[in-house]
Amino acid sequence: MSTKLTRRKFLGTSALAGVAATGLPHIWLKDESLYANAATGSEIDVGVLSSLTGPLEVPERSLSDAVRMAIQEINANGGVAGRMINAIVEDAASDPKTFNEKAGKLVIRDRTITTFGGYTTASRLAVRPIYEKRKNLFFFPTFYEGSECSSNIVYTGAVPNQQLYNLVPWMVNTLGKKKIFIVGSNYAFPKGMAQVAKTLLEENDAEWVADEYLELGETEWGAMVNKIKNSGCDAVLSNVVSGPSIAAFYREFKNQGITQTEIPICATVATEIEISSMGNEFAAGSYSSLPYFQAITRPENKKFVADWKEFNNDENAVTHDPQHSSYFGVYLWKQASEKVLNAGEKLTPMAIHEALRDIEFDAPGGLVKTHAENMHTYFTPRIAQWGADGQGIIVDEGETLAPLPYAISGEAEGNLYCTASGLDSSKL
């Protein structure tokens with residue numbers, strides 16, 4: 001990269017004025033070719049939609065910044081077939097209703113041809129109708145519970161088979177754990193993950209001794225941890241989401257004297273950003289299953305981590321899985337957009353969507369590829385054990401797995417439920 005980039009420099013030149021804009025014009029786009037207006041001249045308008053305020057600000061701001069860092073890198077290296085990317089940044093304020101309103105603004109008034117953003121399932125479901133009705137394109141970066149098939153969303157986060165197909169057998173066969181306490185937040189992702197995990201436990205001659213939930217954002221974990229302590233379990237599969245809940249759970253675990261050697265927590269959500277916010281000592285010895293960790297030793301990742309710290313002007317800034325997916329999603333989009341432009345076609349959302357099929361990118365964490373049928377992403381599954389320094393030590397790395405968003409319903413690589421033609425609901 002020939003130009004040094006920082007978050008401060010980006011914020012001084014990006015289209016942040018769009019954050020304050022409200023209201024929508026009384027027009028409706030009836031032809032997706034009208035979106036090509038956003039790609040005429042020297043700039044291509046895209047939306048960046050994340051929570052920059054509210055309880056989800058900490059994780060979501062890092063996703064917004066990752067998108068902006070990728071955009072700045074691309075612009076510094078010639079843009080998209082010579083065109084600069086113009087980011088119109090919006091704050092969804094940790095509120096699904098605001099996500100919906102801001103998505104409408106980006107699509108209808110700003111005529112952006114793609115939006116990068118979202119973090120929770122609630123945010124994705126809030127914007128999905130907008131992008132499907134207006135034939136626009138939305139990149140969603142977070143691992144989620146699957147069971148979704150949309151021709152207008154590109155899913156750059158993992159689905160359950162890419163986090164659990166390796167984790168559950170590893171817990172049983174490597175850690176030697178046979179009695180698993182499943183715990184999570186009362187939310188779609190934890191419940192979907194629990195259903196897949198139960199099947200895998202049975203297939204691996206293990207059992208789940210409990211499947212318990214607390215409300216999303218709950219920070220009072222005393223009674224639940226006591227229940228875990230007295231359940232007879234020998235490991236915990238944690239699908240707890242939301243930073244404050246994760247921090248409170250791990251702290252209470254330690255406060256009640258449970259060691260990670262005695263009853264290890266194996267998580268599907270805890271990333272570097274949650275570990276750093278709770279205090280490294282509370283997670284030390286526990287495990288997480290994710291495609292990306294900052295500790296990946298590839299030279300490309302070491303550069304990515306260094307660039308991220310420089311962009312944020314913060315030596316303590318950490319990279320993490322959804323942030324990594326936010327970043328490489330922009331590069332997948334760039335490749336697809338250039339494919340459209342080089343073919344002499346109009347740069348519309350659905351033209352980009354079609355060009356995305358089987359697009360590959362050598363991301364910092366390794367090669368990623370969009371699935372030609374379901375528009376999810378191929379990943380290399382990994383398991384890491386958290387150290388006292390807040391970094392994961394990778395203890396298991398599998399073969400690249402195809403995304404199976406309907407694994408919970410029996411979907412397999414040779415029997416896809418979600419295809420380019422849509423969802424075959426008769427298979428559910």
# chains A, B, ... in the order shown; residues from 1 in each chain; ligands from 1
>>> select_by_dssp(residues="range 57-299 of chain A", states="strand (DSSP E)", output="JSON list (two decimals) with C-alpha atoms, in the first residue's frame")
[["chain", "number", "residue", "atom", "x", "y", "z"],
["A", 84, "MET", "CA", -13.24, 6.10, -6.46],
["A", 85, "ILE", "CA", -15.58, 4.63, -3.84],
["A", 86, "ASN", "CA", -17.62, 7.20, -1.92],
["A", 87, "ALA", "CA", -18.83, 5.93, 1.47],
["A", 88, "ILE", "CA", -22.10, 7.34, 2.80],
["A", 89, "VAL", "CA", -21.93, 6.52, 6.50],
["A", 90, "GLU", "CA", -25.04, 6.09, 8.66],
["A", 91, "ASP", "CA", -25.52, 5.47, 12.36],
["A", 115, "THR", "CA", -24.48, -1.35, 1.65],
["A", 116, "PHE", "CA", -21.98, -2.89, 4.07],
["A", 117, "GLY", "CA", -23.18, -3.28, 7.62],
["A", 138, "PHE", "CA", -26.39, -5.81, 1.38],
["A", 139, "PHE", "CA", -23.17, -7.33, 2.77],
["A", 140, "PHE", "CA", -23.66, -8.87, 6.25],
["A", 153, "ILE", "CA", -27.67, -10.43, 0.88],
["A", 154, "VAL", "CA", -24.05, -11.55, 0.72],
["A", 155, "TYR", "CA", -23.15, -13.33, 3.94],
["A", 179, "LYS", "CA", -21.29, -34.00, 29.36],
["A", 180, "ILE", "CA", -21.90, -30.57, 27.91],
["A", 181, "PHE", "CA", -23.88, -27.71, 29.44],
["A", 182, "ILE", "CA", -25.21, -25.51, 26.61],
["A", 183, "VAL", "CA", -25.79, -21.91, 27.63],
["A", 184, "GLY", "CA", -26.80, -18.89, 25.61],
["A", 185, "SER", "CA", -28.71, -15.66, 25.32],
["A", 207, "GLU", "CA", -24.69, -35.67, 25.80],
["A", 208, "TRP", "CA", -26.00, -32.26, 26.68],
["A", 209, "VAL", "CA", -26.96, -32.04, 30.34],
["A", 210, "ALA", "CA", -28.79, -28.72, 29.99],
["A", 211, "ASP", "CA", -29.76, -26.05, 27.46],
["A", 212, "GLU", "CA", -30.30, -22.79, 29.36],
["A", 213, "TYR", "CA", -30.82, -19.14, 28.39],
["A", 214, "LEU", "CA", -30.78, -15.69, 29.94],
["A", 235, "ALA", "CA", -17.55, -28.53, 29.69],
["A", 236, "VAL", "CA", -19.69, -25.57, 28.65],
["A", 237, "LEU", "CA", -20.70, -24.74, 25.09],
["A", 238, "SER", "CA", -21.35, -21.00, 25.27],
["A", 239, "ASN", "CA", -23.51, -19.22, 22.73],
["A", 265, "ILE", "CA", -15.88, -22.74, 28.29],
["A", 266, "CYS", "CA", -15.93, -23.38, 24.55],
["A", 267, "ALA", "CA", -17.55, -20.39, 22.85],
["A", 287, "TYR", "CA", -11.66, -21.66, 23.87],
["A", 288, "SER", "CA", -13.45, -20.13, 20.88],
["A", 289, "SER", "CA", -14.34, -21.56, 17.48],
["A", 290, "LEU", "CA", -14.18, -18.98, 14.68]]
>>> residues_around(residues="range 405-407 of chain A", least_positions_apart="3", cutoff="9 Å", atoms="only C-alpha atoms", output="count of residues only")
19
>>> residues_around(residues="Val46 in chain A", least_positions_apart="4", cutoff="12 Å", atoms="only C-alpha atoms", output="VMD selection string")
chain A and resid 14 to 15 18 35 to 39 67 to 68 71 84 to 90 103 105 to 107 110 to 117 136 to 139 330 333 to 334 337 348 to 349
>>> write_last_selection(atoms="C-alpha atoms", output="PDB file, in the first residue's frame")
ATOM      1  CA  SER A  14     -15.563  10.606   3.773  1.00  0.00           C
ATOM      2  CA  ALA A  15     -19.203  11.408   3.328  1.00  0.00           C
ATOM      3  CA  GLY A  18     -24.939  11.759   5.295  1.00  0.00           C
ATOM      4  CA  TYR A  35     -29.018   2.663  -9.441  1.00  0.00           C
ATOM      5  CA  ALA A  36     -26.323   3.017 -12.080  1.00  0.00           C
ATOM      6  CA  ASN A  37     -26.542   6.761 -11.444  1.00  0.00           C
ATOM      7  CA  ALA A  38     -24.507   6.083  -8.326  1.00  0.00           C
ATOM      8  CA  ALA A  39     -21.683   4.710 -10.460  1.00  0.00           C
ATOM      9  CA  VAL A  67     -15.170  -1.211   5.788  1.00  0.00           C
ATOM     10  CA  ARG A  68     -13.817   2.320   5.642  1.00  0.00           C
ATOM     11  CA  ILE A  71     -12.361   1.543   0.945  1.00  0.00           C
ATOM     12  CA  MET A  84     -13.239   6.098  -6.457  1.00  0.00           C
ATOM     13  CA  ILE A  85     -15.579   4.634  -3.842  1.00  0.00           C
ATOM     14  CA  ASN A  86     -17.620   7.205  -1.922  1.00  0.00           C
ATOM     15  CA  ALA A  87     -18.826   5.931   1.468  1.00  0.00           C
ATOM     16  CA  ILE A  88     -22.095   7.336   2.801  1.00  0.00           C
ATOM     17  CA  VAL A  89     -21.933   6.519   6.501  1.00  0.00           C
ATOM     18  CA  GLU A  90     -25.040   6.095   8.655  1.00  0.00           C
ATOM     19  CA  ALA A 103     -31.351   1.458   4.877  1.00  0.00           C
ATOM     20  CA  LYS A 105     -32.482   6.363   2.937  1.00  0.00           C
ATOM     21  CA  LEU A 106     -29.345   4.750   1.511  1.00  0.00           C
ATOM     22  CA  VAL A 107     -31.244   2.788  -1.118  1.00  0.00           C
ATOM     23  CA  ASP A 110     -28.824   8.154  -1.895  1.00  0.00           C
ATOM     24  CA  ARG A 111     -29.165   5.450  -4.559  1.00  0.00           C
ATOM     25  CA  THR A 112     -26.196   3.537  -3.224  1.00  0.00           C
ATOM     26  CA  ILE A 113     -25.625   0.328  -5.146  1.00  0.00           C
ATOM     27  CA  THR A 114     -24.441  -1.696  -2.130  1.00  0.00           C
ATOM     28  CA  THR A 115     -24.479  -1.346   1.646  1.00  0.00           C
ATOM     29  CA  PHE A 116     -21.983  -2.886   4.069  1.00  0.00           C
ATOM     30  CA  GLY A 117     -23.175  -3.284   7.621  1.00  0.00           C
ATOM     31  CA  ASN A 136     -30.309  -3.771  -3.958  1.00  0.00           C
ATOM     32  CA  LEU A 137     -27.345  -5.473  -2.298  1.00  0.00           C
ATOM     33  CA  PHE A 138     -26.395  -5.814   1.378  1.00  0.00           C
ATOM     34  CA  PHE A 139     -23.167  -7.331   2.774  1.00  0.00           C
ATOM     35  CA  VAL A 330     -15.323  -4.870   0.389  1.00  0.00           C
ATOM     36  CA  TRP A 333     -17.315  -6.514  -3.916  1.00  0.00           C
ATOM     37  CA  LYS A 334     -14.480  -4.668  -5.675  1.00  0.00           C
ATOM     38  CA  SER A 337     -17.698  -4.691  -9.617  1.00  0.00           C
ATOM     39  CA  THR A 348     -26.132  -2.233 -10.851  1.00  0.00           C
ATOM     40  CA  PRO A 349     -26.675  -4.104  -7.571  1.00  0.00           C
TER      41      PRO A 349
END
>>> closest_residue(among="A:Gly390, A:Pro364, A:Pro291, A:Pro244", to="Gly157 in chain A", atoms="only C-alpha atoms")
A:Pro291
>>> select_by_dssp(residues="range 195-272 of chain A", states="helix (DSSP H, G or I)", output="ChimeraX atom specification")
/A:195-203,222-229,243-255,272
>>> closest_residue(among="A:Ser325, A:Ser426, A:Ser50, A:Thr120", to="Ala92 in chain A", atoms="only C-alpha atoms")
A:Ser50
